[in-house]
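Notes follow the structure.
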Amino acid sequence: MKNSFRLLFSLLFLLVFLSISAQEKKSNVLKYTKTTVSPKASLQDVTWISGYWRGEAFGGITEEIWSDPLGNSMMFSFKLVADGKVQFYEVGGITEQNNTLLLQLKHFHGDFKGWEEKEETVDFKLVKVEKNRVYFDELTFEKISDTEMNVYVVINDKDESGGEVKFNYIKQ
């Protein structure tokens with residue numbers, strides 16, 4: 001009887017554990033920490049991002065346009081259009097610095113007034129490079145195919161979703 005109780009308790013514990021584990025969301029982003037060292041990388045690792053991409057997010061249409069590598073950088077522009085109006089823009093790029101990559105950007109309202117101070121940029125240090133994924137600090141590019149990619153970014157890590165937003169893009 002005692003062994004049956006132990007077995008039943010063990011099975012119940014295992015079921016609860018598996019249920020909780022199954023409910024946890026797998027994050028698609030990695031965080032750059034004090035102990036993180038950016039890996040060696042070059043723009044050749046991210047050239048597949050080049051092109052004109054469109055998707056939907058935040059109740060509107062999104063565009064990202066990425067240039068081919070030139071001058072140790074790839075530049076991009078982003079636009080969100082909702083209700084027929086530009087909600088905001090981003091302009092930035094990925095640069096090769098010290099044998100690794102750095103993504104930097106600036107935000108602008110629809111009237112091109114900047115969000116950040118004049119000398120400020122939002123920087124995303126490189127965390128990891130895989131065959132079809134490039135992880136910057138809380139921002140990941142995922143190559144689905146030559147004509148589709150996902151971008152995952154942490155917008156606000158205080159809400160229940162962890163703030164991770166997925167942008168699915170189709171190459172135009």
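Identifiers in this document derive from the order of the structure tokens: chains are assigned A, B, ..., residues are numbered from 1 separately in each chain, and ligands are numbered from 1 in order of occurrence.
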
Write out as a PyMOL selection string the residues lying within 10 Å of Asn98 (chain A), counting only C-alpha atoms and excluding same-chain residues fewer than 3 positions away. chain A and resi 38+40-42+95+101-102

Need to verify the contact set: Trp115 (chain A), 12 Å, only C-alpha atoms, exclusion of same-chain residues closer than 6 positions in sequence. Can you return it as a PDB file with all heavy atoms, in the first residue's frame?
```
ATOM      1  N   PHE A  88       5.444  55.171 -37.056  1.00  0.00           N
ATOM      2  CA  PHE A  88       6.832  55.508 -36.739  1.00  0.00           C
ATOM      3  C   PHE A  88       7.772  54.881 -37.754  1.00  0.00           C
ATOM      4  O   PHE A  88       7.385  54.008 -38.520  1.00  0.00           O
ATOM      5  CB  PHE A  88       7.215  55.114 -35.311  1.00  0.00           C
ATOM      6  CG  PHE A  88       7.375  53.634 -35.052  1.00  0.00           C
ATOM      7  CD1 PHE A  88       8.628  53.026 -35.116  1.00  0.00           C
ATOM      8  CD2 PHE A  88       6.292  52.855 -34.695  1.00  0.00           C
ATOM      9  CE1 PHE A  88       8.777  51.675 -34.856  1.00  0.00           C
ATOM     10  CE2 PHE A  88       6.425  51.505 -34.421  1.00  0.00           C
ATOM     11  CZ  PHE A  88       7.683  50.908 -34.504  1.00  0.00           C
ATOM     12  N   TYR A  89       8.998  55.395 -37.746  1.00  0.00           N
ATOM     13  CA  TYR A  89      10.081  54.899 -38.595  1.00  0.00           C
ATOM     14  C   TYR A  89      11.230  54.452 -37.698  1.00  0.00           C
ATOM     15  O   TYR A  89      11.369  54.909 -36.564  1.00  0.00           O
ATOM     16  CB  TYR A  89      10.650  56.007 -39.488  1.00  0.00           C
ATOM     17  CG  TYR A  89       9.711  56.623 -40.485  1.00  0.00           C
ATOM     18  CD1 TYR A  89       9.061  57.822 -40.205  1.00  0.00           C
ATOM     19  CD2 TYR A  89       9.510  56.038 -41.732  1.00  0.00           C
ATOM     20  CE1 TYR A  89       8.224  58.415 -41.132  1.00  0.00           C
ATOM     21  CE2 TYR A  89       8.677  56.627 -42.669  1.00  0.00           C
ATOM     22  CZ  TYR A  89       8.036  57.821 -42.362  1.00  0.00           C
ATOM     23  OH  TYR A  89       7.214  58.408 -43.284  1.00  0.00           O
ATOM     24  N   GLU A  90      12.081  53.609 -38.256  1.00  0.00           N
ATOM     25  CA  GLU A  90      13.380  53.304 -37.675  1.00  0.00           C
ATOM     26  C   GLU A  90      14.390  53.374 -38.807  1.00  0.00           C
ATOM     27  O   GLU A  90      14.095  52.960 -39.926  1.00  0.00           O
ATOM     28  CB  GLU A  90      13.442  51.893 -37.077  1.00  0.00           C
ATOM     29  CG  GLU A  90      12.613  51.688 -35.847  1.00  0.00           C
ATOM     30  CD  GLU A  90      12.636  50.255 -35.347  1.00  0.00           C
ATOM     31  OE1 GLU A  90      13.122  49.347 -36.072  1.00  0.00           O
ATOM     32  OE2 GLU A  90      12.153  50.030 -34.241  1.00  0.00           O
ATOM     33  N   VAL A  91      15.563  53.871 -38.487  1.00  0.00           N
ATOM     34  CA  VAL A  91      16.672  53.898 -39.440  1.00  0.00           C
ATOM     35  C   VAL A  91      17.896  53.404 -38.689  1.00  0.00           C
ATOM     36  O   VAL A  91      18.104  53.756 -37.517  1.00  0.00           O
ATOM     37  CB  VAL A  91      16.920  55.321 -39.987  1.00  0.00           C
ATOM     38  CG1 VAL A  91      18.123  55.350 -40.915  1.00  0.00           C
ATOM     39  CG2 VAL A  91      15.690  55.837 -40.709  1.00  0.00           C
ATOM     40  N   LEU A 105      20.163  51.586 -34.078  1.00  0.00           N
ATOM     41  CA  LEU A 105      19.036  52.232 -34.746  1.00  0.00           C
ATOM     42  C   LEU A 105      18.603  53.477 -34.001  1.00  0.00           C
ATOM     43  O   LEU A 105      18.981  53.710 -32.857  1.00  0.00           O
ATOM     44  CB  LEU A 105      17.861  51.257 -34.893  1.00  0.00           C
ATOM     45  CG  LEU A 105      17.197  50.684 -33.641  1.00  0.00           C
ATOM     46  CD1 LEU A 105      16.140  51.627 -33.073  1.00  0.00           C
ATOM     47  CD2 LEU A 105      16.567  49.357 -33.967  1.00  0.00           C
ATOM     48  N   LYS A 106      17.804  54.260 -34.707  1.00  0.00           N
ATOM     49  CA  LYS A 106      17.137  55.433 -34.146  1.00  0.00           C
ATOM     50  C   LYS A 106      15.672  55.364 -34.567  1.00  0.00           C
ATOM     51  O   LYS A 106      15.360  54.908 -35.652  1.00  0.00           O
ATOM     52  CB  LYS A 106      17.760  56.730 -34.659  1.00  0.00           C
ATOM     53  CG  LYS A 106      19.153  57.003 -34.067  1.00  0.00           C
ATOM     54  CD  LYS A 106      19.741  58.296 -34.554  1.00  0.00           C
ATOM     55  CE  LYS A 106      19.556  59.469 -33.706  1.00  0.00           C
ATOM     56  NZ  LYS A 106      19.976  59.515 -32.348  1.00  0.00           N
ATOM     57  N   HIS A 107      14.777  55.831 -33.683  1.00  0.00           N
ATOM     58  CA  HIS A 107      13.336  55.869 -33.949  1.00  0.00           C
ATOM     59  C   HIS A 107      12.913  57.289 -34.299  1.00  0.00           C
ATOM     60  O   HIS A 107      13.457  58.251 -33.762  1.00  0.00           O
ATOM     61  CB  HIS A 107      12.542  55.459 -32.698  1.00  0.00           C
ATOM     62  CG  HIS A 107      12.754  54.052 -32.272  1.00  0.00           C
ATOM     63  ND1 HIS A 107      13.720  53.688 -31.371  1.00  0.00           N
ATOM     64  CD2 HIS A 107      12.102  52.911 -32.610  1.00  0.00           C
ATOM     65  CE1 HIS A 107      13.657  52.380 -31.167  1.00  0.00           C
ATOM     66  NE2 HIS A 107      12.681  51.887 -31.908  1.00  0.00           N
ATOM     67  N   PHE A 108      11.871  57.381 -35.133  1.00  0.00           N
ATOM     68  CA  PHE A 108      11.303  58.672 -35.516  1.00  0.00           C
ATOM     69  C   PHE A 108       9.783  58.566 -35.549  1.00  0.00           C
ATOM     70  O   PHE A 108       9.239  57.572 -36.023  1.00  0.00           O
ATOM     71  CB  PHE A 108      11.800  59.106 -36.902  1.00  0.00           C
ATOM     72  CG  PHE A 108      13.287  59.269 -36.969  1.00  0.00           C
ATOM     73  CD1 PHE A 108      14.108  58.195 -37.287  1.00  0.00           C
ATOM     74  CD2 PHE A 108      13.870  60.499 -36.706  1.00  0.00           C
ATOM     75  CE1 PHE A 108      15.479  58.340 -37.341  1.00  0.00           C
ATOM     76  CE2 PHE A 108      15.249  60.656 -36.764  1.00  0.00           C
ATOM     77  CZ  PHE A 108      16.048  59.573 -37.074  1.00  0.00           C
ATOM     78  N   HIS A 109       9.114  59.592 -35.068  1.00  0.00           N
ATOM     79  CA  HIS A 109       7.664  59.673 -35.203  1.00  0.00           C
ATOM     80  C   HIS A 109       7.324  59.796 -36.688  1.00  0.00           C
ATOM     81  O   HIS A 109       8.202  60.041 -37.517  1.00  0.00           O
ATOM     82  CB  HIS A 109       7.120  60.894 -34.447  1.00  0.00           C
ATOM     83  CG  HIS A 109       7.299  60.805 -32.969  1.00  0.00           C
ATOM     84  ND1 HIS A 109       6.493  60.031 -32.163  1.00  0.00           N
ATOM     85  CD2 HIS A 109       8.189  61.410 -32.139  1.00  0.00           C
ATOM     86  CE1 HIS A 109       6.877  60.147 -30.910  1.00  0.00           C
ATOM     87  NE2 HIS A 109       7.907  60.982 -30.855  1.00  0.00           N
ATOM     88  N   THR A 121      21.840  56.349 -29.731  1.00  0.00           N
ATOM     89  CA  THR A 121      21.316  55.273 -30.581  1.00  0.00           C
ATOM     90  C   THR A 121      20.862  54.140 -29.670  1.00  0.00           C
ATOM     91  O   THR A 121      21.284  54.049 -28.520  1.00  0.00           O
ATOM     92  CB  THR A 121      22.387  54.720 -31.549  1.00  0.00           C
ATOM     93  OG1 THR A 121      23.507  54.254 -30.803  1.00  0.00           O
ATOM     94  CG2 THR A 121      22.814  55.764 -32.567  1.00  0.00           C
ATOM     95  N   VAL A 122      20.010  53.279 -30.192  1.00  0.00           N
ATOM     96  CA  VAL A 122      19.634  52.056 -29.488  1.00  0.00           C
ATOM     97  C   VAL A 122      20.539  50.977 -30.048  1.00  0.00           C
ATOM     98  O   VAL A 122      20.541  50.720 -31.255  1.00  0.00           O
ATOM     99  CB  VAL A 122      18.143  51.707 -29.711  1.00  0.00           C
ATOM    100  CG1 VAL A 122      17.788  50.426 -28.981  1.00  0.00           C
ATOM    101  CG2 VAL A 122      17.252  52.862 -29.283  1.00  0.00           C
TER     102      VAL A 122
END
```

Got a sec: who's within 7 Å of Lys171 (chain A), counting only C-alpha atoms, leaving out chain neighbours fewer than 4 positions off, as a PyMOL selection string? chain A and resi 51-54+147-148

Residues just named, written with N, CA, C and O atoms as a PDB file, in the first residue's frame:
```pdb
ATOM      1  N   GLY A  51      17.336  43.060 -48.703  1.00  0.00           N
ATOM      2  CA  GLY A  51      16.141  43.022 -49.532  1.00  0.00           C
ATOM      3  C   GLY A  51      15.020  43.892 -48.994  1.00  0.00           C
ATOM      4  O   GLY A  51      15.154  44.577 -47.983  1.00  0.00           O
ATOM      5  N   TYR A  52      13.915  43.840 -49.717  1.00  0.00           N
ATOM      6  CA  TYR A  52      12.708  44.585 -49.360  1.00  0.00           C
ATOM      7  C   TYR A  52      11.708  43.595 -48.785  1.00  0.00           C
ATOM      8  O   TYR A  52      11.285  42.653 -49.456  1.00  0.00           O
ATOM      9  N   TRP A  53      11.329  43.794 -47.509  1.00  0.00           N
ATOM     10  CA  TRP A  53      10.473  42.875 -46.770  1.00  0.00           C
ATOM     11  C   TRP A  53       9.199  43.583 -46.324  1.00  0.00           C
ATOM     12  O   TRP A  53       9.244  44.744 -45.939  1.00  0.00           O
ATOM     13  N   ARG A  54       8.064  42.858 -46.362  1.00  0.00           N
ATOM     14  CA  ARG A  54       6.782  43.393 -45.869  1.00  0.00           C
ATOM     15  C   ARG A  54       6.117  42.388 -44.955  1.00  0.00           C
ATOM     16  O   ARG A  54       6.238  41.188 -45.130  1.00  0.00           O
ATOM     17  N   THR A 147      12.736  33.669 -49.073  1.00  0.00           N
ATOM     18  CA  THR A 147      11.717  34.715 -49.248  1.00  0.00           C
ATOM     19  C   THR A 147      10.894  34.983 -47.987  1.00  0.00           C
ATOM     20  O   THR A 147       9.904  35.704 -48.049  1.00  0.00           O
ATOM     21  N   GLU A 148      11.293  34.403 -46.862  1.00  0.00           N
ATOM     22  CA  GLU A 148      10.554  34.635 -45.619  1.00  0.00           C
ATOM     23  C   GLU A 148      11.512  34.675 -44.428  1.00  0.00           C
ATOM     24  O   GLU A 148      12.441  33.876 -44.343  1.00  0.00           O
TER      25      GLU A 148
END
```

From chain A, collect each residue whose DSSP state is helix (DSSP H, G or I) and return the set as a VMD selection string. chain A and resid 2 to 23 43 to 45 47 to 49

Using only C-alpha atoms, which residue out of A:Lys143, A:Ala82, A:Gly55, A:Asn150 lies closest to Glu130 (chain A)?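 Among the listed residues, A:Lys143 lies closest to Glu130 (chain A).
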
Counting only C-alpha atoms, the residue of A:Ile155, A:Ile94, A:Leu80, A:Leu126 that sits nearest Val37 (chain A):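 Counting only C-alpha atoms, the residue closest to Val37 (chain A) is A:Leu126.
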
Please return, as a ChimeraX atom specification, all residues of chain A that DSSP assigns to strand (DSSP E or B) on the basis of the backbone. /A:30,51-57,60-66,70,73-82,85-97,100-109,114,122-129,133-137,139-145,148-154,164-171
